[in-house]
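Heads up: the structure comes next, in C-alpha cells.
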Amino acid sequence: MLRKPVEAVLFDMDGLLIDTEAVYIEAYGAAAQAMGVEISLAFCHSMIGVPSRECEAMIQDHFGPDFRVDRFHGHFNQHAGRLLDAHVPVKPGAAEILDFLSGRGLPLAIATSSSVRTVQRHLGSAGLLGHFKAIATRYDVERGKPHPDVYLEAARRLGVAPERCIAFEDSNVGLTAAHAAGTMAIMVPDIVPPSPEVRAKCLKVVPDLHAALTLLREQL
C-alpha cells in the first residue's frame, strides 16, 4: 500500500492525538451565547482543521462587519482554556501508536494549525511531547491548511522528503493539505467524515488510532 519507503511520520494534533475539537465546539457555543448570537453546529464543523486566523475571518464574514470578533474569541479562549486546564483529553490509541513508531526509530513531527505554545501545553500535559523531534505550526508558514505549507515545513524540519512521510489527519482540510504536500496521507476521521473528494486523496481511511496502529504494524 505504501508508495515509498517510510522515513518519517507527521501528525496533526487537534482531533487526532488530542480530543479537542468537541471542546472547541462547546467553547464556540458558549462564546456565541455570551455575545447574544447563535452559531450552528454545521458552521462550527466548517472550521474544524482551519487555522485560527482563517476562522476569525470566517466568523467575521458570518456575523457581519460590525461583529466584535475579538470579544467573541476572548469568550471562546476563556471557556476552552477552563475546560482544557481541568483535563486534556487524549485520543484512544495515541500513546500506543507513538510508542510503536518511536520504537521503530522513525522521527516524528507535528504539523498543526495551532500555536507552538498550545502544542507544548497540550502534548506536554498528555505526556506525549517527548515523542516529537519537530513541530511546525500555522505561524511558521505563509499559508495555513488546506495549503500544503505546514506539512512541507514539518518534513523539512525532519530533513525528510515529504513523499517519504506518512501523514495522519482527522479533518478534510488537513488531509487536503497533507495530500497536496505529497505525503502518504491517512485519515482518521474525528467529527466530520471524509468528503468523496478527500476520500479519493487518502492512502487509507481508518476508524481510529488503534486501527492505524494495526495498519502500520502490517506495512512497516
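In the C-alpha cells, the first chain shown is A, the next is B, and so on; residue numbers restart at 1 for each chain, and ligands run from 1 in the order shown.
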Taking only residues of region 121-198 of chain A that have an atom at most 7 Å from an atom of region 111-114 of chain A, what is each one's shortest atom pair and its distance in Å to one decimal, using only C-alpha atoms, in chain and number order, as JSON lines?
```
{"residue": "A:Ile135", "atom": "CA", "partner": "A:Ala111", "partner_atom": "CA", "distance": 6.3}
{"residue": "A:Ala136", "atom": "CA", "partner": "A:Ala111", "partner_atom": "CA", "distance": 4.9}
{"residue": "A:Thr137", "atom": "CA", "partner": "A:Thr112", "partner_atom": "CA", "distance": 4.9}
{"residue": "A:Arg138", "atom": "CA", "partner": "A:Ser113", "partner_atom": "CA", "distance": 4.7}
{"residue": "A:Gly144", "atom": "CA", "partner": "A:Ser113", "partner_atom": "CA", "distance": 6.8}
{"residue": "A:Val150", "atom": "CA", "partner": "A:Ala111", "partner_atom": "CA", "distance": 5.8}
{"residue": "A:Tyr151", "atom": "CA", "partner": "A:Ala111", "partner_atom": "CA", "distance": 5.7}
{"residue": "A:Ala154", "atom": "CA", "partner": "A:Ala111", "partner_atom": "CA", "distance": 5.9}
```
Compile the contact shell of Glu163 (chain A) as a VMD selection string: residues with an atom at most 8 Å away, counting only C-alpha atoms, same-chain residues fewer than 6 positions apart removed.
-> chain A and resid 4 181 to 184
Any chance you could tabulate, as a tab-separated table, the residues of region 127-217 of chain A at most 12 Å from region 67-90 of chain A with each one's nearest atom pair and distance in Å to one decimal, using only C-alpha atoms, in chain and rising number order?
```
residue	atom	partner	partner_atom	distance
A:Gly127	CA	A:Val90	CA	9.7
A:Leu128	CA	A:Val90	CA	9.4
A:Leu209	CA	A:Val90	CA	11.2
```
Select from region 52-170 of chain A everything DSSP, run on the backbone, classes as helix (DSSP H, G or I), then give the selection as a ChimeraX atom specification.
-> /A:52-63,69-86,94-103,116-126,129-131,138-140,149-158,162-164
For region 45-48 of chain A, list every protein, DNA or RNA residue within 8 Å, evaluated using only C-alpha atoms, and leave out those in the same chain fewer than 5 positions away; present the list as a list in words.
->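 Contacts, with the query itself left out: Glu21, Ile25, Cys55, Ser171, Val173, Ile191 and Val192 of chain A.
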12 Å contact set for Leu220 (chain A), only C-alpha atoms, chain neighbours under 4 positions out, as a ChimeraX atom specification = /A:1-9,100-101,104-106,166,212-216
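Picture a line from CA of Arg121 (chain A) to CA of Arg217 (chain A); it runs 29.6 Å.
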Check the DSSP output for the backbone and give back, as a VMD selection string, the residues of region 2-203 of chain A in strand (DSSP E or B).
-> chain A and resid 8 to 11 14 18 90 108 to 112 134 to 137 165 to 169 184 to 187
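The shortest atom-to-atom distance to Arg53 (chain A), with only C-alpha atoms taken into account, belongs to A:Tyr139 out of A:Ala185, A:Tyr139, A:Pro207, A:Ala27.
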For Ala155 (chain A): contacts at 8 Å, only C-alpha atoms, fewer than 4 positions along chain excluded, given as a PyMOL selection string | chain A and resi 8+10+109+151+159-162+165
Could the residues in this selection be saved with all heavy atoms as a PDB file, in the first residue's frame?
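Saved to result_5.pdb:
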```pdb
ATOM      1  N   ALA A   8       9.716   8.940   7.912  1.00  0.00           N
ATOM      2  CA  ALA A   8       9.228   9.796   8.994  1.00  0.00           C
ATOM      3  C   ALA A   8       7.705   9.758   9.006  1.00  0.00           C
ATOM      4  O   ALA A   8       7.072   9.350   8.025  1.00  0.00           O
ATOM      5  CB  ALA A   8       9.716  11.236   8.829  1.00  0.00           C
ATOM      6  N   LEU A  10       4.300  12.233  10.170  1.00  0.00           N
ATOM      7  CA  LEU A  10       3.820  13.554  10.540  1.00  0.00           C
ATOM      8  C   LEU A  10       2.398  13.440  11.095  1.00  0.00           C
ATOM      9  O   LEU A  10       1.579  12.704  10.550  1.00  0.00           O
ATOM     10  CB  LEU A  10       3.827  14.486   9.323  1.00  0.00           C
ATOM     11  CG  LEU A  10       5.090  14.443   8.448  1.00  0.00           C
ATOM     12  CD1 LEU A  10       4.924  15.371   7.249  1.00  0.00           C
ATOM     13  CD2 LEU A  10       6.323  14.814   9.253  1.00  0.00           C
ATOM     14  N   ALA A 109       6.963  14.298  13.680  1.00  0.00           N
ATOM     15  CA  ALA A 109       6.765  15.747  13.753  1.00  0.00           C
ATOM     16  C   ALA A 109       5.283  16.056  13.853  1.00  0.00           C
ATOM     17  O   ALA A 109       4.433  15.287  13.398  1.00  0.00           O
ATOM     18  CB  ALA A 109       7.366  16.448  12.532  1.00  0.00           C
ATOM     19  N   TYR A 151       2.831  21.068   6.244  1.00  0.00           N
ATOM     20  CA  TYR A 151       3.373  19.712   6.085  1.00  0.00           C
ATOM     21  C   TYR A 151       4.741  19.742   5.409  1.00  0.00           C
ATOM     22  O   TYR A 151       5.639  18.966   5.772  1.00  0.00           O
ATOM     23  CB  TYR A 151       2.383  18.830   5.321  1.00  0.00           C
ATOM     24  CG  TYR A 151       1.371  18.241   6.264  1.00  0.00           C
ATOM     25  CD1 TYR A 151       0.093  18.774   6.371  1.00  0.00           C
ATOM     26  CD2 TYR A 151       1.698  17.170   7.089  1.00  0.00           C
ATOM     27  CE1 TYR A 151      -0.829  18.260   7.268  1.00  0.00           C
ATOM     28  CE2 TYR A 151       0.790  16.642   7.988  1.00  0.00           C
ATOM     29  CZ  TYR A 151      -0.465  17.188   8.068  1.00  0.00           C
ATOM     30  OH  TYR A 151      -1.368  16.678   8.977  1.00  0.00           O
ATOM     31  N   GLY A 159      14.199  16.863   7.900  1.00  0.00           N
ATOM     32  CA  GLY A 159      15.188  16.523   6.887  1.00  0.00           C
ATOM     33  C   GLY A 159      14.785  15.343   6.041  1.00  0.00           C
ATOM     34  O   GLY A 159      15.652  14.596   5.543  1.00  0.00           O
ATOM     35  N   VAL A 160      13.484  15.161   5.826  1.00  0.00           N
ATOM     36  CA  VAL A 160      12.960  14.023   5.072  1.00  0.00           C
ATOM     37  C   VAL A 160      12.085  14.549   3.934  1.00  0.00           C
ATOM     38  O   VAL A 160      11.321  15.502   4.111  1.00  0.00           O
ATOM     39  CB  VAL A 160      12.136  13.088   5.983  1.00  0.00           C
ATOM     40  CG1 VAL A 160      11.540  11.932   5.186  1.00  0.00           C
ATOM     41  CG2 VAL A 160      13.005  12.562   7.129  1.00  0.00           C
ATOM     42  N   ALA A 161      12.168  13.944   2.773  1.00  0.00           N
ATOM     43  CA  ALA A 161      11.311  14.325   1.649  1.00  0.00           C
ATOM     44  C   ALA A 161       9.847  14.025   1.985  1.00  0.00           C
ATOM     45  O   ALA A 161       9.549  12.966   2.547  1.00  0.00           O
ATOM     46  CB  ALA A 161      11.718  13.566   0.391  1.00  0.00           C
ATOM     47  N   PRO A 162       8.915  14.921   1.667  1.00  0.00           N
ATOM     48  CA  PRO A 162       7.509  14.692   2.007  1.00  0.00           C
ATOM     49  C   PRO A 162       6.951  13.373   1.483  1.00  0.00           C
ATOM     50  O   PRO A 162       6.142  12.722   2.164  1.00  0.00           O
ATOM     51  CB  PRO A 162       6.787  15.891   1.369  1.00  0.00           C
ATOM     52  CG  PRO A 162       7.827  16.944   1.263  1.00  0.00           C
ATOM     53  CD  PRO A 162       9.125  16.230   1.017  1.00  0.00           C
ATOM     54  N   CYS A 165       7.143  10.481   3.781  1.00  0.00           N
ATOM     55  CA  CYS A 165       6.482  10.655   5.082  1.00  0.00           C
ATOM     56  C   CYS A 165       5.050  10.134   5.019  1.00  0.00           C
ATOM     57  O   CYS A 165       4.324  10.386   4.050  1.00  0.00           O
ATOM     58  CB  CYS A 165       6.424  12.130   5.466  1.00  0.00           C
ATOM     59  SG  CYS A 165       8.017  12.927   5.722  1.00  0.00           S
TER      60      CYS A 165
END
```
A:Met13, A:Ala177, A:Val23, A:Leu98: which is nearest His210 (chain A), counting only C-alpha atoms?
->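 Ranked by minimum distance to His210 (chain A), first place goes to A:Leu98.
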Considering only C-alpha atoms, return as a list in words whatever protein or nucleic-acid residues lie within 9 Å of Lys133 (chain A), sequence-local ones (same chain, fewer than 2 positions apart) excluded.
->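 Counting only the stated atoms, we get Pro107, Leu108, Ala109, Ile110, Leu129, Gly130, His131, Ile135, Arg157 and Leu158 of chain A.
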For the selection just defined, write its residues with C-alpha atoms to a file, as a PDB file, in the first residue's frame.
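And here is the file that came out, out-v9.pdb:
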```
ATOM      1  CA  PRO A 107      11.387  10.593  13.516  1.00  0.00           C
ATOM      2  CA  LEU A 108       8.025  12.197  14.249  1.00  0.00           C
ATOM      3  CA  ALA A 109       6.765  15.747  13.753  1.00  0.00           C
ATOM      4  CA  ILE A 110       3.640  17.746  14.480  1.00  0.00           C
ATOM      5  CA  LEU A 129       5.546  15.800  23.672  1.00  0.00           C
ATOM      6  CA  GLY A 130       8.801  13.875  24.028  1.00  0.00           C
ATOM      7  CA  HIS A 131       7.979  11.687  21.033  1.00  0.00           C
ATOM      8  CA  ILE A 135       6.882  20.983  15.497  1.00  0.00           C
ATOM      9  CA  ARG A 157      12.481  20.251   9.803  1.00  0.00           C
ATOM     10  CA  LEU A 158      12.950  16.496   9.962  1.00  0.00           C
TER      11      LEU A 158
END
```
Using only C-alpha atoms, find the one residue out of A:Leu16, A:Ser52, A:Asn172, A:Gly103 that sits nearest to Ser115 (chain A).
-> A:Ser52
What is the distance between CA of Ser102 (chain A) and CA of Pro51 (chain A), in Å to one decimal?
->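 Between CA of Ser102 (chain A) and CA of Pro51 (chain A) the gap is 27.9 Å.
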Can you pull out every residue within 12 Å of Arg199 (chain A), counting only C-alpha atoms, but drop anything in the same chain fewer than 3 positions away, and send it as a JSON list (two decimals) with N, CA, C and O atoms, in the first residue's frame?
```
[["chain", "number", "residue", "atom", "x", "y", "z"],
["A", 169, "GLU", "N", -4.10, 12.59, 9.57],
["A", 169, "GLU", "CA", -5.00, 13.73, 9.70],
["A", 169, "GLU", "C", -6.40, 13.26, 10.08],
["A", 169, "GLU", "O", -6.79, 12.13, 9.78],
["A", 170, "ASP", "N", -7.17, 14.16, 10.72],
["A", 170, "ASP", "CA", -8.54, 13.82, 11.09],
["A", 170, "ASP", "C", -9.57, 14.63, 10.31],
["A", 170, "ASP", "O", -10.75, 14.28, 10.32],
["A", 171, "SER", "N", -9.16, 15.73, 9.65],
["A", 171, "SER", "CA", -10.12, 16.62, 9.01],
["A", 171, "SER", "C", -9.94, 16.66, 7.50],
["A", 171, "SER", "O", -8.87, 16.35, 6.97],
["A", 172, "ASN", "N", -11.00, 17.07, 6.82],
["A", 172, "ASN", "CA", -10.94, 17.24, 5.37],
["A", 172, "ASN", "C", -9.93, 18.31, 4.98],
["A", 172, "ASN", "O", -9.15, 18.14, 4.03],
["A", 173, "VAL", "N", -9.92, 19.40, 5.72],
["A", 173, "VAL", "CA", -8.99, 20.49, 5.43],
["A", 173, "VAL", "C", -7.55, 20.01, 5.61],
["A", 173, "VAL", "O", -6.68, 20.26, 4.76],
["A", 175, "LEU", "N", -6.36, 16.85, 5.64],
["A", 175, "LEU", "CA", -5.98, 15.80, 4.71],
["A", 175, "LEU", "C", -5.66, 16.40, 3.34],
["A", 175, "LEU", "O", -4.72, 15.97, 2.67],
["A", 176, "THR", "N", -6.43, 17.40, 2.94],
["A", 176, "THR", "CA", -6.15, 18.09, 1.69],
["A", 176, "THR", "C", -4.75, 18.69, 1.70],
["A", 176, "THR", "O", -4.00, 18.60, 0.71],
["A", 179, "HIS", "N", -2.08, 15.80, 1.52],
["A", 179, "HIS", "CA", -2.02, 15.23, 0.17],
["A", 179, "HIS", "C", -1.32, 16.20, -0.78],
["A", 179, "HIS", "O", -0.48, 15.79, -1.60],
["A", 185, "ALA", "N", -0.88, 10.17, 2.81],
["A", 185, "ALA", "CA", -1.82, 10.71, 3.78],
["A", 185, "ALA", "C", -2.88, 9.69, 4.18],
["A", 185, "ALA", "O", -3.56, 9.11, 3.33],
["A", 186, "ILE", "N", -3.02, 9.50, 5.47],
["A", 186, "ILE", "CA", -4.00, 8.58, 6.05],
["A", 186, "ILE", "C", -4.95, 9.38, 6.92],
["A", 186, "ILE", "O", -4.51, 10.20, 7.74],
["A", 187, "MET", "N", -6.25, 9.15, 6.77],
["A", 187, "MET", "CA", -7.23, 9.90, 7.54],
["A", 187, "MET", "C", -7.82, 9.04, 8.65],
["A", 187, "MET", "O", -8.18, 7.89, 8.43],
["A", 188, "VAL", "N", -7.89, 9.65, 9.83],
["A", 188, "VAL", "CA", -8.55, 9.06, 10.99],
["A", 188, "VAL", "C", -9.66, 10.04, 11.35],
["A", 188, "VAL", "O", -9.45, 10.95, 12.16],
["A", 189, "PRO", "N", -10.85, 9.93, 10.75],
["A", 189, "PRO", "CA", -11.88, 10.96, 10.92],
["A", 189, "PRO", "C", -12.27, 11.14, 12.39],
["A", 189, "PRO", "O", -12.36, 10.18, 13.15],
["A", 193, "PRO", "N", -16.90, 13.23, 8.67],
["A", 193, "PRO", "CA", -16.36, 12.17, 7.82],
["A", 193, "PRO", "C", -15.70, 12.75, 6.58],
["A", 193, "PRO", "O", -15.96, 13.90, 6.21],
["A", 194, "PRO", "N", -14.85, 11.97, 5.91],
["A", 194, "PRO", "CA", -14.21, 12.48, 4.69],
["A", 194, "PRO", "C", -15.23, 12.70, 3.58],
["A", 194, "PRO", "O", -16.14, 11.89, 3.38],
["A", 195, "SER", "N", -15.08, 13.80, 2.88],
["A", 195, "SER", "CA", -15.91, 14.02, 1.69],
["A", 195, "SER", "C", -15.45, 13.07, 0.60],
["A", 195, "SER", "O", -14.34, 12.53, 0.66],
["A", 196, "PRO", "N", -16.27, 12.85, -0.42],
["A", 196, "PRO", "CA", -15.83, 11.97, -1.51],
["A", 196, "PRO", "C", -14.53, 12.45, -2.16],
["A", 196, "PRO", "O", -13.68, 11.63, -2.51],
["A", 202, "CYS", "N", -6.98, 10.04, 0.03],
["A", 202, "CYS", "CA", -6.43, 9.31, 1.17],
["A", 202, "CYS", "C", -5.74, 8.03, 0.71],
["A", 202, "CYS", "O", -6.27, 7.28, -0.12],
["A", 203, "LEU", "N", -4.59, 7.77, 1.26],
["A", 203, "LEU", "CA", -3.98, 6.46, 1.08],
["A", 203, "LEU", "C", -4.85, 5.40, 1.72],
["A", 203, "LEU", "O", -5.01, 4.30, 1.21],
["A", 204, "LYS", "N", -5.45, 5.77, 2.87],
["A", 204, "LYS", "CA", -6.33, 4.87, 3.60],
["A", 204, "LYS", "C", -7.16, 5.72, 4.56],
["A", 204, "LYS", "O", -6.70, 6.75, 5.04],
["A", 205, "VAL", "N", -8.38, 5.27, 4.83],
["A", 205, "VAL", "CA", -9.21, 5.85, 5.89],
["A", 205, "VAL", "C", -9.40, 4.77, 6.94],
["A", 205, "VAL", "O", -9.85, 3.67, 6.62],
["A", 206, "VAL", "N", -9.05, 5.07, 8.18],
["A", 206, "VAL", "CA", -9.19, 4.11, 9.27],
["A", 206, "VAL", "C", -10.05, 4.72, 10.36],
["A", 206, "VAL", "O", -10.08, 5.94, 10.53]]
```
